[in-house]
>>> print(open('final_37.txt').read())   # compact mmCIF, C-alpha atoms and all ligand atoms
# COMPACT_ATOMS: atom_id res chain seq x y z
CA MET A 1221 121.58 6.01 47.04
CA ALA A 1222 122.35 7.37 50.51
CA TYR A 1223 121.44 11.03 50.86
CA ASP A 1224 124.36 13.40 51.50
CA PRO A 1225 123.09 16.09 53.89
CA ASN A 1226 126.07 18.29 53.00
CA ASN A 1227 125.11 18.78 49.36
CA ILE A 1228 124.76 22.40 48.28
CA PHE A 1229 120.96 22.38 47.97
CA ALA A 1230 120.61 20.91 51.46
CA LYS A 1231 122.75 23.80 52.71
CA ILE A 1232 120.57 26.27 50.83
CA LEU A 1233 117.43 24.71 52.35
CA ARG A 1234 118.95 25.07 55.83
CA GLY A 1235 119.77 28.71 55.09
CA GLU A 1236 123.53 28.11 55.37
CA ILE A 1237 124.18 29.38 51.82
CA PRO A 1238 122.33 32.28 50.20
CA CYS A 1239 120.31 31.92 47.03
CA LYS A 1240 118.26 34.07 44.70
CA LYS A 1241 114.88 32.83 45.88
CA VAL A 1242 111.97 32.82 43.44
CA TYR A 1243 109.32 31.01 45.47
CA GLU A 1244 108.92 29.03 48.68
CA ASP A 1245 106.14 27.08 50.32
CA ASP A 1246 105.91 24.17 52.76
CA PHE A 1247 107.01 21.67 50.12
CA ALA A 1248 109.49 23.37 47.81
CA LEU A 1249 112.01 26.14 47.30
CA ALA A 1250 112.66 27.67 43.88
CA LEU A 1251 115.82 29.61 43.08
CA HIS A 1252 117.61 31.07 40.10
CA ASP A 1253 120.34 28.77 38.75
CA ILE A 1254 123.78 30.22 39.42
CA GLN A 1255 124.86 29.47 35.82
CA PRO A 1256 121.74 30.10 33.74
CA ARG A 1257 121.55 28.28 30.40
CA ALA A 1258 118.47 30.14 29.16
CA PRO A 1259 116.97 33.60 29.80
CA VAL A 1260 114.88 31.92 32.49
CA HIS A 1261 116.60 29.08 34.37
CA VAL A 1262 115.08 28.28 37.73
CA LEU A 1263 115.57 25.25 39.96
CA VAL A 1264 112.81 23.82 42.13
CA ILE A 1265 113.89 21.62 45.02
CA PRO A 1266 111.70 19.62 47.38
CA LYS A 1267 111.98 20.14 51.12
CA GLY A 1268 113.20 16.72 52.08
CA PRO A 1269 116.23 14.43 51.93
CA TYR A 1270 115.79 12.94 48.45
CA GLY A 1271 118.74 12.49 46.12
CA SER A 1272 116.82 11.70 42.97
CA LEU A 1273 113.37 11.24 41.56
CA THR A 1274 113.65 7.51 42.27
CA ASP A 1275 114.22 8.11 45.97
CA PHE A 1276 111.52 10.78 46.07
CA ALA A 1277 108.90 8.58 44.39
CA ALA A 1278 109.72 5.66 46.66
CA ALA A 1279 109.92 7.42 50.01
CA ALA A 1280 108.32 10.87 50.06
CA PRO A 1281 104.89 11.33 51.65
CA ALA A 1282 102.10 11.78 49.11
CA GLU A 1283 101.48 15.33 50.34
CA LEU A 1284 105.08 16.28 49.56
CA VAL A 1285 105.03 14.62 46.12
CA ALA A 1286 101.87 16.52 45.22
CA GLY A 1287 103.04 19.76 46.81
CA PHE A 1288 106.41 19.65 45.06
CA PHE A 1289 105.01 19.10 41.57
CA ARG A 1290 102.32 21.69 42.20
CA ALA A 1291 105.08 24.14 43.14
CA VAL A 1292 106.91 23.43 39.85
CA GLY A 1293 103.79 24.40 37.92
CA THR A 1294 103.08 27.39 40.13
CA VAL A 1295 106.60 28.73 39.64
CA ALA A 1296 106.42 28.25 35.86
CA GLY A 1297 103.18 30.23 35.86
CA GLN A 1298 104.58 32.98 38.07
CA LEU A 1299 107.62 33.31 35.81
CA GLY A 1300 105.31 34.26 32.96
CA LEU A 1301 106.30 31.33 30.76
CA GLU A 1302 102.81 30.73 29.40
CA PRO A 1303 101.71 30.80 26.63
CA GLN A 1304 105.15 30.66 24.95
CA GLY A 1305 106.04 27.54 26.87
CA TYR A 1306 108.94 26.14 28.82
CA ARG A 1307 110.83 22.94 29.53
CA ILE A 1308 111.30 21.04 32.77
CA LEU A 1309 114.19 18.66 33.28
CA ALA A 1310 115.43 16.52 36.15
CA ASN A 1311 118.86 14.95 35.82
CA CYS A 1312 119.03 11.72 37.83
CA GLY A 1313 122.33 9.93 38.21
CA SER A 1314 125.62 9.97 36.39
CA ASP A 1315 124.44 9.17 32.86
CA ALA A 1316 122.20 12.23 33.10
CA GLY A 1317 125.05 14.37 34.44
CA GLN A 1318 123.44 15.10 37.80
CA GLU A 1319 125.84 17.38 39.69
CA VAL A 1320 123.95 18.05 42.90
CA PRO A 1321 122.62 14.94 44.68
CA HIS A 1322 119.36 16.52 45.87
CA LEU A 1323 116.34 16.15 43.58
CA HIS A 1324 115.74 19.29 41.56
CA VAL A 1325 113.67 20.20 38.55
CA HIS A 1326 115.12 22.72 36.14
CA ILE A 1327 112.67 25.13 34.50
CA PHE A 1328 113.99 26.62 31.26
CA GLY A 1329 112.27 29.28 29.20
CA GLY A 1330 112.40 32.70 27.66
CA ARG A 1331 113.47 31.60 24.16
CA PRO A 1332 112.88 28.70 21.78
CA LEU A 1333 114.69 25.81 23.45
CA GLY A 1334 115.68 23.67 20.51
CA PRO A 1335 115.75 19.89 20.40
CA MET A 1336 114.92 17.90 23.50
CA LEU A 1337 118.35 16.26 23.75
CA ALA A 1338 121.83 17.09 22.52
CA ARG A 1339 122.99 14.36 20.15
P1 LIG B 1 122.32 19.12 37.72
O1 LIG B 1 123.44 18.96 36.74
O2 LIG B 1 121.00 18.74 37.15
O3 LIG B 1 122.62 18.44 39.03
O4 LIG B 1 122.19 20.68 37.97
C1 LIG B 1 122.76 21.34 39.04
C2 LIG B 1 122.55 22.80 38.81
O5 LIG B 1 122.75 23.48 40.01
C3 LIG B 1 123.48 23.44 37.75
O6 LIG B 1 122.71 24.01 36.72
C4 LIG B 1 124.25 24.48 38.57
O7 LIG B 1 124.51 25.65 37.82
C5 LIG B 1 123.30 24.75 39.73
N1 LIG B 1 123.90 25.23 40.95
C6 LIG B 1 124.99 24.74 41.59
N2 LIG B 1 125.22 25.44 42.71
C7 LIG B 1 124.25 26.39 42.80
C8 LIG B 1 123.95 27.41 43.73
N3 LIG B 1 124.69 27.62 44.84
N4 LIG B 1 122.89 28.19 43.49
C9 LIG B 1 122.13 28.01 42.39
N5 LIG B 1 122.36 27.05 41.47
C10 LIG B 1 123.41 26.25 41.67
>>> encode(input="final_37.txt", output="structure tokens")
Amino acid sequence: MAYDPNNIFAKILRGEIPCKKVYEDDFALALHDIQPRAPVHVLVIPKGPYGSLTDFAAAAPAELVAGFFRAVGTVAGQLGLEPQGYRILANCGSDAGQEVPHLHVHIFGGRPLGPMLAR
């Protein structure tokens, strides 16, 4: 899938749109979701033009892949979600309901999260 550089997370990464930043390093930016679905709902986005996990796995440099997933874990730790636990989720493509075509991992926590998937 061709990457759309005008998607909203690309604009946030370029600083064109504000966000409620939680964490940033060379590989990732984490921000509060604008429509939280749990007491804690944070998005972690990689710093690179990747629309989905498929694109990211195929094309991102190994340092970015490692740095991005390390950032997801770091953010979850900094949010105080251990030891109660949390859930990560990445919607990829239309069947998953992906709204923003820039890879992002949702981190949900702060309450029991129920079943893994809605039926
Ligand atoms: P997905 O359906 O996995 O693509 O999730 C996209 C998420 O991005 C949704 O949970 C939206 O609430 C969230 N979102 C959209 N625009 C913004 C924004 N400007 N700042 C923070 N979160 C956003």
>>> residues_near_ligand(input="final_37.txt", ligand="ligand LIG 1 (chain B)", cutoff="10 Å", atoms="only C-alpha atoms and all ligand atoms", output="PDB file with C-alpha atoms, keeping the file's coordinate frame")
ATOM      1  CA  ASN A1227     125.110  18.780  49.360  1.00  0.00           C
ATOM      2  CA  ILE A1228     124.760  22.400  48.280  1.00  0.00           C
ATOM      3  CA  PHE A1229     120.960  22.380  47.970  1.00  0.00           C
ATOM      4  CA  LYS A1231     122.750  23.800  52.710  1.00  0.00           C
ATOM      5  CA  ILE A1232     120.570  26.270  50.830  1.00  0.00           C
ATOM      6  CA  ILE A1237     124.180  29.380  51.820  1.00  0.00           C
ATOM      7  CA  PRO A1238     122.330  32.280  50.200  1.00  0.00           C
ATOM      8  CA  CYS A1239     120.310  31.920  47.030  1.00  0.00           C
ATOM      9  CA  LYS A1240     118.260  34.070  44.700  1.00  0.00           C
ATOM     10  CA  LYS A1241     114.880  32.830  45.880  1.00  0.00           C
ATOM     11  CA  ALA A1250     112.660  27.670  43.880  1.00  0.00           C
ATOM     12  CA  LEU A1251     115.820  29.610  43.080  1.00  0.00           C
ATOM     13  CA  HIS A1252     117.610  31.070  40.100  1.00  0.00           C
ATOM     14  CA  ASP A1253     120.340  28.770  38.750  1.00  0.00           C
ATOM     15  CA  ILE A1254     123.780  30.220  39.420  1.00  0.00           C
ATOM     16  CA  GLN A1255     124.860  29.470  35.820  1.00  0.00           C
ATOM     17  CA  PRO A1256     121.740  30.100  33.740  1.00  0.00           C
ATOM     18  CA  ARG A1257     121.550  28.280  30.400  1.00  0.00           C
ATOM     19  CA  HIS A1261     116.600  29.080  34.370  1.00  0.00           C
ATOM     20  CA  VAL A1262     115.080  28.280  37.730  1.00  0.00           C
ATOM     21  CA  LEU A1263     115.570  25.250  39.960  1.00  0.00           C
ATOM     22  CA  SER A1272     116.820  11.700  42.970  1.00  0.00           C
ATOM     23  CA  LEU A1309     114.190  18.660  33.280  1.00  0.00           C
ATOM     24  CA  ALA A1310     115.430  16.520  36.150  1.00  0.00           C
ATOM     25  CA  ASN A1311     118.860  14.950  35.820  1.00  0.00           C
ATOM     26  CA  CYS A1312     119.030  11.720  37.830  1.00  0.00           C
ATOM     27  CA  GLY A1313     122.330   9.930  38.210  1.00  0.00           C
ATOM     28  CA  SER A1314     125.620   9.970  36.390  1.00  0.00           C
ATOM     29  CA  ALA A1316     122.200  12.230  33.100  1.00  0.00           C
ATOM     30  CA  GLY A1317     125.050  14.370  34.440  1.00  0.00           C
ATOM     31  CA  GLN A1318     123.440  15.100  37.800  1.00  0.00           C
ATOM     32  CA  GLU A1319     125.840  17.380  39.690  1.00  0.00           C
ATOM     33  CA  VAL A1320     123.950  18.050  42.900  1.00  0.00           C
ATOM     34  CA  PRO A1321     122.620  14.940  44.680  1.00  0.00           C
ATOM     35  CA  HIS A1322     119.360  16.520  45.870  1.00  0.00           C
ATOM     36  CA  LEU A1323     116.340  16.150  43.580  1.00  0.00           C
ATOM     37  CA  HIS A1324     115.740  19.290  41.560  1.00  0.00           C
ATOM     38  CA  VAL A1325     113.670  20.200  38.550  1.00  0.00           C
ATOM     39  CA  HIS A1326     115.120  22.720  36.140  1.00  0.00           C
TER      40      HIS A1326
END
>>> residues_around(input="final_37.txt", residues="Phe1289 of chain A", least_positions_apart="2", cutoff="12 Å", atoms="all atoms listed in the file", output="PyMOL selection string")
chain A and resi 1245+1247-1250+1264-1267+1273+1276-1277+1282-1287+1291-1296+1308+1323-1325
>>> closest_residue(input="final_37.txt", among="A:Gln1304, A:Gly1268, A:Asp1224, A:Ala1230", to="Leu1333 of chain A", atoms="all atoms listed in the file")
A:Gln1304
>>> closest_residue(input="final_37.txt", among="A:Gly1235, A:Gly1271, A:Gly1334, A:Gly1300", to="Tyr1223 of chain A", atoms="all atoms listed in the file")
A:Gly1271
>>> atom_distance(input="final_37.txt", atom1="atom CA of Leu1301 of chain A", atom2="atom CA of Pro1335 of chain A")
18.1 Å
>>> atom_distance(input="final_37.txt", atom1="atom CA of Val1242 of chain A", atom2="atom CA of Arg1331 of chain A")
19.4 Å
>>> atom_distance(input="final_37.txt", atom1="atom CA of Gln1298 of chain A", atom2="atom CA of Ala1258 of chain A")
16.7 Å
>>> axis_aligned_box(input="final_37.txt", around="segment 1256-1267 of chain A", padding_each_side="5 Å", output="lines of an AutoDock Vina configuration file")
center_x = 116.7
center_y = 26.6
center_z = 40.1
size_x = 20.0
size_y = 24.0
size_z = 32.0
>>> residues_around(input="final_37.txt", residues="Phe1328 of chain A", least_positions_apart="2", cutoff="6 Å", atoms="all atoms listed in the file", output="PDB file with C-alpha atoms, in the frame of the given file")
ATOM      1  CA  VAL A1260     114.880  31.920  32.490  1.00  0.00           C
ATOM      2  CA  HIS A1261     116.600  29.080  34.370  1.00  0.00           C
ATOM      3  CA  TYR A1306     108.940  26.140  28.820  1.00  0.00           C
ATOM      4  CA  ARG A1307     110.830  22.940  29.530  1.00  0.00           C
TER       5      ARG A1307
END
>>> build_atoms(input="final_37.txt", residues="segment 1312-1331 of chain A", atoms="N, CA, C and O atoms", output="compact mmCIF listing (two decimals), keeping the file's coordinate frame")
# COMPACT_ATOMS: atom_id res chain seq x y z
N CYS A 1312 118.97 12.71 36.75
CA CYS A 1312 119.03 11.72 37.83
C CYS A 1312 120.16 10.76 37.55
O CYS A 1312 120.09 9.95 36.62
N GLY A 1313 121.22 10.87 38.33
CA GLY A 1313 122.33 9.93 38.21
C GLY A 1313 123.39 10.37 37.21
O GLY A 1313 123.27 11.38 36.53
N SER A 1314 124.43 9.55 37.13
CA SER A 1314 125.62 9.97 36.39
C SER A 1314 125.41 10.03 34.89
O SER A 1314 125.93 10.93 34.23
N ASP A 1315 124.66 9.09 34.31
CA ASP A 1315 124.44 9.17 32.86
C ASP A 1315 123.73 10.45 32.48
O ASP A 1315 123.89 10.95 31.36
N ALA A 1316 122.92 10.99 33.38
CA ALA A 1316 122.20 12.23 33.10
C ALA A 1316 123.03 13.46 33.45
O ALA A 1316 122.62 14.59 33.20
N GLY A 1317 124.19 13.24 34.08
CA GLY A 1317 125.05 14.37 34.44
C GLY A 1317 124.60 15.11 35.68
O GLY A 1317 124.91 16.30 35.85
N GLN A 1318 123.89 14.43 36.57
CA GLN A 1318 123.44 15.10 37.80
C GLN A 1318 124.65 15.53 38.62
O GLN A 1318 125.52 14.72 38.95
N GLU A 1319 124.71 16.83 38.94
CA GLU A 1319 125.84 17.38 39.69
C GLU A 1319 125.54 17.49 41.17
O GLU A 1319 126.43 17.33 42.00
N VAL A 1320 124.31 17.84 41.50
CA VAL A 1320 123.95 18.05 42.90
C VAL A 1320 123.00 16.92 43.32
O VAL A 1320 121.92 16.77 42.74
N PRO A 1321 123.40 16.13 44.34
CA PRO A 1321 122.62 14.94 44.68
C PRO A 1321 121.44 15.23 45.60
O PRO A 1321 121.28 14.60 46.66
N HIS A 1322 120.65 16.22 45.21
CA HIS A 1322 119.36 16.52 45.87
C HIS A 1322 118.39 16.76 44.71
O HIS A 1322 118.67 17.59 43.84
N LEU A 1323 117.29 16.03 44.70
CA LEU A 1323 116.34 16.15 43.58
C LEU A 1323 116.04 17.62 43.27
O LEU A 1323 115.76 18.41 44.17
N HIS A 1324 116.12 17.94 42.00
CA HIS A 1324 115.74 19.29 41.56
C HIS A 1324 115.20 19.22 40.15
O HIS A 1324 115.66 18.43 39.33
N VAL A 1325 114.22 20.06 39.89
CA VAL A 1325 113.67 20.20 38.55
C VAL A 1325 114.14 21.54 38.01
O VAL A 1325 113.98 22.58 38.66
N HIS A 1326 114.77 21.49 36.85
CA HIS A 1326 115.12 22.72 36.14
C HIS A 1326 113.89 23.21 35.37
O HIS A 1326 113.19 22.41 34.75
N ILE A 1327 113.66 24.51 35.38
CA ILE A 1327 112.67 25.13 34.50
C ILE A 1327 113.44 26.06 33.57
O ILE A 1327 114.14 26.97 34.04
N PHE A 1328 113.34 25.80 32.27
CA PHE A 1328 113.99 26.62 31.26
C PHE A 1328 112.93 27.33 30.44
O PHE A 1328 111.91 26.74 30.09
N GLY A 1329 113.21 28.58 30.07
CA GLY A 1329 112.27 29.28 29.20
C GLY A 1329 112.85 30.62 28.78
O GLY A 1329 114.00 30.95 29.05
N GLY A 1330 112.01 31.36 28.07
CA GLY A 1330 112.40 32.70 27.66
C GLY A 1330 112.93 32.79 26.25
O GLY A 1330 113.25 33.88 25.77
N ARG A 1331 113.08 31.63 25.58
CA ARG A 1331 113.47 31.60 24.16
C ARG A 1331 113.11 30.21 23.63
O ARG A 1331 112.90 29.28 24.43
